[in-house]
Amino acid sequence: MSRDEGARAVAVAAALAGLACSRTTPSVRAAVADAPPRPAGCVAVDPGASLQAAIDAAPEGAALCLVPGRHAGPIRVSRRVTLWGPRAAAIVSGGGGTTVDIAADGAELLGVTVDGSGRRFDLLDAAVRVRGAGVRVEGVAIVRATFGILVEKSRGAAVRGNVVTGNPDATVGMRGDSIRLWETTDSLVERNQVLDGRDVVVWYSARNRIVHNLIARSRYGTHLMYSSDCEVAGNRYEADVVGAFIMYSHRVRVRGNVVVGAAASAEMGVGIKDSGDVTLERNGLVHAGIGLYLDGNPPPGEAVRIDGNAIRLCDAAVVFHAGATRVELTGNEIADNRVAVRVDGRGDALAVAWDGNYFDDYVGYDLDGDGIGDLPYELRSLSGELVGRYPNLAFFRGSPSLELTDAVTRLVPLLQPPTLLRDARPRMRPPRILESLP
Amino acid sequence: MSDPRTLPRLALALLLAACSGGKAPSGAAAGAGSGLADLMKARNLSEADVQAALKTYTPTGRHDDYVMFASGGHSGQVIVIGLPSMRILKYIAVFTPEPWQGWGYGGEEGQKVLDEGTRFGHAIRWADTHHPALSETAGDYDGQFLFIGDKANPRLAVIDLRDFSTKQIVTTELIGSDHGAAFVTPNTDYVIEPSQYPTPLGGAYADVKEFNEKYRGVAIFWKFDRAKGRLDPARSFAVELPPYMQDLSDAGKLDSDGWAFFNSIDTERAYGGDQEGNPPLESGASQNDMDYLHVVNWKKAEEVAAAGKVDTIAGMRVIRLPTAIAEGILYFIPEPKSPHGVDVTPDGKDIVVGGKLDTHGTVYSFANIKKLIDAKKFDGKDPYGVPILPFKEAIRGQVELGLGPLHTQYDDKGFAYTSLFLESAVAKWSVKDLKVVQKVSTHFNIGHLSTAGGDTIHPEGKYLVAMNKWALDRFTPVGPLLPQNFQLIDLAGAGGQMELLYDLPIPLGEPHYAQIIKADKLKPLQVYPPGTDPATMQKAQYAVDGGKERVERNGKDVHVYMTAIRSHFTPDLIRVKQGDQVHVHLTNLEQAYDATHGFAINSYNINESIEPGEHTDVDFVADRAGVFPMYCTEFCSALHLEMAGYLLVEPAR
């Protein structure tokens with residue numbers, strides 16, 4: 001009975017020590033950025049004045065400082081200017097279209113609030129749209145917009161320290177993307193707070209860094225598609241449907257992220273589909289339907305490396321959907337999950353390189369005291385169909401494999417539960433990865 | 001015990017006894033039980049496997065309950081599969097020459113139909129078949145005809161289910177490809193074929209930089225003449241559409257009868273040009289968040305076409321875009337994230353759209369749509385002036401399905417089944433509550449799915465076939481090109497859950513869609529009435545009666561009136577002179593079931609299949625002198641090898 005619900009609750013509490021798991025008040029520690037300083041020598045623009053006219057009249061490289069109050073949008077920034085303001089200065093949607101449309105290399109939007117946009121999804125009505133090279137959108141608060149920040153066909157954009165708040169009253173399908181990079185390279189999305197949006201999307205966009213953001217109560221925390229050479233690091237995903245999903249991309253580093261409390265339709269911590277040379281290092285994937293989802297083998301010459309991650313309190317910690325070769329799992333902590341590893345379609349994960357992982361149901365011993373179990377860890381599968389037919393077997397779910405094998409052999413003598421995976425050097429003690437994450 | 005239906009249950013009972021007691025049962029049952037146990041052990045089968053086997057195993061002589069018609073992908077054919085056995089029953093020759101059926105190897109009938117598919121003077125001998133559609137009467141499959149679309153060279157074929165053979169191919173040079181064909185209106189008044197990749201209409205040339213101005217799409221409504229069993233191009237019409245990529249289609253039914261629905265992608269109007277400074281096409285087409293569901297009032301369009309408010313382009317009557325807008329034929333509604341499937345619910349009240357890059361299915365309410373149209377409540381217009389209905393007011397809701405929802409099918413209990421491409425799964429959900437109740441994994445990358453009667457107003461549920469694009473490790477390896485994988489799913493498994501039963505590798509072509517009909521709705525012929533020309537299903541002009549075999553020469557034209565019956569061709573010698581035009585009129589006199597004969601002539605690329613009662617005409621020029629054995633290619637009797645003869649071509653002097 002060590003795995004009954006009561007014990008699980010204790011385990012939940014233990015694993016969440018140091019992790020805020022509230023579904024209503026996301027932690028903001030991951031995304032704290034100072035407000036951008038007021039540019040020297042900037043020209044004040046009063047709320048009553050035409051912001052558009054001020055922009056159009058400003059020389060290249062000039063800075064405009066918005067005085068607190070409501071400034072009428074939409075505006076189009078087609079020259080290299082800096083728009084700065086405190087949060088109390090709001091650029092307000094006129095009711096339709098995109099509110100701040102930036103189409104100039106080196107333009108900057110700093111500190112202000114952008115309030116609203118048009119409501120058309122088909123026209124991509126956004127608070128801020130960026131097209132150009134070296135554009136900065138920093139410290140901006142976005143509220144009541146359909147889409148948040150759209151960065152299109154741009155290079156070297158910095159989207160930093162913004163707070164993009166979606167509509168918590170709309171179902172997730174009826175919200176727009178909070179931040180989207182499309183055909184955009186060499187850009188930085190850093191220390192933003194993204195709340196109650198739909199997705200943070202990076203599509204057809206190489207060499208970007210998505211780092212130290214807080215993305216909460218959204219759908220895809222970060223969705224990479226055809227976006228190679230990207231880094232997804234130090235982010236915190238709270239109560240999203242999917243933390244990070246990497247699709248059709250190569251050379252992606254996913255490092256030091258925490259995905260916690262993902263629970264809804266797909267319920268996934270991190271998913272990797274048809275990608276190669278993806279590295280997952282020191283991430284905490286906690287409380288998801290599926291902790292880590294792997295679909296499709298990396299191409300020859302490439303690998304998926306899963307090293308030093310903690311995957312805990314998931315219904316299934318690691319799921320291999322199609323194929324399980326050229327995948328390495330090393331030094332991970334797989335504990336307090338209902339099922340440690342699942343392989344869809346009756347395959348196994350024997351071709352996966354398992355080495356030095358910690359499994360909490362390991363029952364071997366360590367006579368030589370080197371921290372590595374003297375017997376290999378083997379996991380045998382208990383098929384869902386079997387549990388359906390013999391509900392008593394569900395009792396053994398998550399229990400040590402030896403017990404399971406024994407139970408199955410007694411109950412269903414015809415069935416040999418196949419071996420799913422073998423780790424020749426299982427760790428005796430958890431590496432305490434979660435505790436080391438921010 | 002004598003009722004054969006009890007046997008599977010008995011086997012299962014024995015199995016359960018063997019499994020649950022842990023103690024060997026006694027007597028005769030022990031023998032059977034342990035035999036089964038040994039078998040299971042030897043083959044490493046679980047109890048669930050054995051149950052699945054019992055649900056699919058169909059002993060010799062037993063027929064299947066359902067018949068599935070699947071597109072044959074780039075084989076250009078249609079595959080007929082029995083359910084639940086998943087036995088392939090037939091490949092129907094459609095767009096591609098097929099020697100077993102004598103399709104395109106000298107027989108006039110096949111040659112003529114294949115030539116109907118000629119485009120721009122090019123005889124086309126392959127197709128990329130996508131979506132089969134069974135003919136319907138009052139919204140239910142009637143088992144009479146099957147239509148199938150060719151995406152590559154936009155064409156439609158008509159298959160007569162009396163003899164499971166192709167009767168007609170139609171094409172129009174108006175468009176350059178289609179995808180959402182074929183879908184039928186509830187009484188098969190029309191077969192729907194929308195274009196996919198926009199082009200200048202009618203095969204004209206314009207540089208792709210003039211995409212927005214000169215490229216267009218259309219939705220074609222091919223008129224079906226049921227009495228003739230043919231599509232009638234003269235009574236067909238098209239509705240001009242903006243240059244978006246129109247994708248799948250479905251016809252409204254019951255409440256929404258008279259309307260048709262089309263997905264679109266690439267409303268960005270990206271056309272590629274990755275070497276010309278543009279984003280690649282697939283990236284450009286994924287820029288926007290939404291595309292447009294096209295809502296077409298085809299009954300109104302029919303009236304407008306009848307009133308002559310059309311331009312004729314490449315022989316097709318086209319309702320131009322401004323006319324379609326002015327007459328209230330065409331409306332758009334935004335639809336999320338690279339939409340793909342558009343599937344009307346059995347009651348015709350809702351339309352379900354899945355987006356390839358979405359996690360939701362969007363359920364549009366036809367009542368809402370109608371209300372918005374009647375109130376002229378629009379959210380502006382697209383760049384071509386087509387009114388756009390407000391998204392939020394047009395939908396009934398969204399259902400959170402999972403990653404990459406594509407296509408939706410229905411059962412008889414109010415559930416819908418949506419394929420999830422990215423997740424390789426089928427989600428079962430309640431149409432009323434918009435809630436997922438179960439998911440089952442499929443292997444791998446599911447595209448379409450099909451339930452029994454899944455497109456009718458009375459879906460039967462029962463079985464679902466997942467049509468997976470990748471097989472990966474499912475089968476014994478056969479080199480780098482793998483079969484597709486059809487997976488049979490029992491919709492009424494333990495506890496009413498979906499249960500995966502069986503895999504069928506499809507070893508030729510990449511099928512897309514399929515429809516499943518109750519087997520007893522099909523009433524195919526066993527044999528043709530004597531002398532039948534399958535093209536007309538009437539007695540053939542040159543049909544030969546037994547005893548009337550002869551050779552008639554008229555100048556260089558040599559008419560050979562020939563019969564075939566086990567195991568003899570009469571005449572068995574054909575004497576002609578080099579350069580003669582030879583007309584073989586060959587009737588199979590057999591009326592015995594399955595007594596098919598073949599007729600092949602060496603080196604003349606001729607092979608015909610002549611089914612019992614069938615008449616065929618084979619024309620060729622005897623341009624090569626020599627002695628050419630001819631023989632029956634379909635094993636017919638003990639003296640089949642002797643069913644042979646000679647074509648003697650005397651050299652010209």
# chains A, B, ... in the order shown; residues from 1 in each chain; ligands from 1
call {"tool": "residues_around", "arguments": {"residues": "Ile372 (chain A)", "least_positions_apart": "4", "cutoff": "8 Å", "atoms": "only C-alpha atoms", "output": "ChimeraX atom specification"}}
result
/A:356,366,425-428
call {"tool": "residues_around", "arguments": {"residues": "Gly149 (chain B)", "least_positions_apart": "4", "cutoff": "8 Å", "atoms": "only C-alpha atoms", "output": "number ranges by chain"}}
result
B: 128-132, 154-157, 178-182, 193
call {"tool": "interface_residues", "arguments": {"of": "chain B", "to": "chain A", "cutoff": "6 Å", "atoms": "only C-alpha atoms", "output": "ChimeraX atom specification"}}
result
/B:19,289-290,334,402
call {"tool": "atom_distance", "arguments": {"atom1": "CA of Ile169 (chain B)", "atom2": "CA of Asp115 (chain B)"}}
result
8.3 Å
call {"tool": "select_by_dssp", "arguments": {"residues": "region 344-375 of chain A", "states": "strand (DSSP E or B)", "output": "list in words"}}
result
Ala353, Trp354, Asp355, Tyr358, Phe359 and Ile372 of chain A
call {"tool": "residues_around", "arguments": {"residues": "region 374-377 of chain A", "least_positions_apart": "4", "cutoff": "12 Å", "atoms": "only C-alpha atoms", "output": "NGL selection string"}}
result
:A and (340 or 350 or 354-370 or 400-402 or 419-428)
call {"tool": "write_last_selection", "arguments": {"atoms": "C-alpha atoms", "output": "PDB file, in the first residue's frame"}}
result
ATOM      1  CA  ALA A 340       7.651   5.162 -15.298  1.00  0.00           C
ATOM      2  CA  LEU A 350      15.504  -1.564 -24.999  1.00  0.00           C
ATOM      3  CA  TRP A 354      19.619   4.114 -20.285  1.00  0.00           C
ATOM      4  CA  ASP A 355      22.449   4.850 -17.961  1.00  0.00           C
ATOM      5  CA  GLY A 356      22.673   5.943 -14.377  1.00  0.00           C
ATOM      6  CA  ASN A 357      19.034   6.930 -13.966  1.00  0.00           C
ATOM      7  CA  TYR A 358      17.269   6.931 -10.651  1.00  0.00           C
ATOM      8  CA  PHE A 359      14.044   4.911 -10.475  1.00  0.00           C
ATOM      9  CA  ASP A 360      12.207   5.035  -7.197  1.00  0.00           C
ATOM     10  CA  ASP A 361      10.935   1.483  -7.595  1.00  0.00           C
ATOM     11  CA  TYR A 362      14.390  -0.009  -7.905  1.00  0.00           C
ATOM     12  CA  VAL A 363      14.733  -2.775  -5.337  1.00  0.00           C
ATOM     13  CA  GLY A 364      18.355  -3.822  -5.870  1.00  0.00           C
ATOM     14  CA  TYR A 365      21.252  -3.221  -3.520  1.00  0.00           C
ATOM     15  CA  ASP A 366      24.644  -1.541  -3.528  1.00  0.00           C
ATOM     16  CA  LEU A 367      27.134  -3.732  -1.718  1.00  0.00           C
ATOM     17  CA  ASP A 368      30.182  -1.870  -2.971  1.00  0.00           C
ATOM     18  CA  GLY A 369      28.675   1.444  -1.907  1.00  0.00           C
ATOM     19  CA  ASP A 370      29.465   3.315  -5.120  1.00  0.00           C
ATOM     20  CA  PRO A 400       8.135  -2.594  -8.016  1.00  0.00           C
ATOM     21  CA  SER A 401       8.442  -4.597 -11.187  1.00  0.00           C
ATOM     22  CA  LEU A 402       9.308  -7.756  -9.356  1.00  0.00           C
ATOM     23  CA  THR A 419      10.809  -6.171 -20.554  1.00  0.00           C
ATOM     24  CA  LEU A 420      10.516  -2.533 -21.541  1.00  0.00           C
ATOM     25  CA  LEU A 421      13.852  -1.157 -20.551  1.00  0.00           C
ATOM     26  CA  ARG A 422      17.088  -2.013 -18.844  1.00  0.00           C
ATOM     27  CA  ASP A 423      19.416   0.373 -17.041  1.00  0.00           C
ATOM     28  CA  ALA A 424      22.592  -1.494 -16.090  1.00  0.00           C
ATOM     29  CA  ARG A 425      23.739   1.194 -13.654  1.00  0.00           C
ATOM     30  CA  PRO A 426      20.730   2.512 -11.744  1.00  0.00           C
ATOM     31  CA  ARG A 427      21.368   5.134  -9.125  1.00  0.00           C
ATOM     32  CA  MET A 428      20.590   4.226  -5.565  1.00  0.00           C
TER      33      MET A 428
END
call {"tool": "select_by_dssp", "arguments": {"residues": "region 24-79 of chain A", "states": "alpha helix (DSSP H)", "output": "number ranges by chain"}}
result
A: 51-57
call {"tool": "residues_around", "arguments": {"residues": "Gly243 (chain A)", "least_positions_apart": "4", "cutoff": "9 Å", "atoms": "only C-alpha atoms", "output": "list in words"}}
result
Ile215, Arg219, Tyr220, Gly221, Thr222, His223, Arg236, Tyr237, Glu238, Ala239, Val258, Val259, Val260, Ala262, Glu267, Met268, Gly269, Val270, Gly271 and Leu285 of chain A
call {"tool": "atom_distance", "arguments": {"atom1": "CA of Ala600 (chain B)", "atom2": "CA of Gln581 (chain B)"}}
result
17.2 Å
call {"tool": "atom_distance", "arguments": {"atom1": "CA of Ile329 (chain B)", "atom2": "CA of Ser256 (chain B)"}}
result
14.0 Å
call {"tool": "closest_residue", "arguments": {"among": "A:Ile142, A:Ser154, A:Ile290, A:Gly73", "to": "Ala104 (chain A)", "atoms": "only C-alpha atoms"}}
result
A:Ser154
call {"tool": "residues_around", "arguments": {"residues": "region 125-127 of chain B", "least_positions_apart": "6", "cutoff": "7 Å", "atoms": "only C-alpha atoms", "output": "PyMOL selection string"}}
result
chain B and resi 74-76+95-97+150+152-153
call {"tool": "write_last_selection", "arguments": {"atoms": "N, CA and C atoms", "output": "tab-separated table (two decimals), in the first residue's frame"}}
result
chain	number	residue	atom	x	y	z
B	74	HIS	N	-1.66	6.85	-54.99
B	74	HIS	CA	-1.09	7.01	-56.34
B	74	HIS	C	-1.07	5.73	-57.14
B	75	SER	N	-1.66	4.66	-56.63
B	75	SER	CA	-1.92	3.53	-57.53
B	75	SER	C	-2.98	3.93	-58.54
B	76	GLY	N	-3.75	4.96	-58.24
B	76	GLY	CA	-4.80	5.41	-59.15
B	76	GLY	C	-6.02	4.52	-59.14
B	95	PHE	N	-7.97	4.76	-62.79
B	95	PHE	CA	-7.24	5.73	-63.61
B	95	PHE	C	-5.97	5.13	-64.23
B	96	THR	N	-5.55	3.98	-63.72
B	96	THR	CA	-4.27	3.41	-64.11
B	96	THR	C	-4.51	2.09	-64.84
B	97	PRO	N	-3.84	1.86	-65.94
B	97	PRO	CA	-3.98	0.56	-66.61
B	97	PRO	C	-3.71	-0.58	-65.64
B	150	ASP	N	-9.18	12.36	-58.42
B	150	ASP	CA	-7.73	12.31	-58.67
B	150	ASP	C	-7.20	13.71	-58.38
B	152	ALA	N	-4.01	14.77	-58.57
B	152	ALA	CA	-2.89	15.23	-59.38
B	152	ALA	C	-3.34	15.87	-60.69
B	153	ASN	N	-4.27	15.21	-61.36
B	153	ASN	CA	-4.73	15.69	-62.67
B	153	ASN	C	-6.24	15.79	-62.52
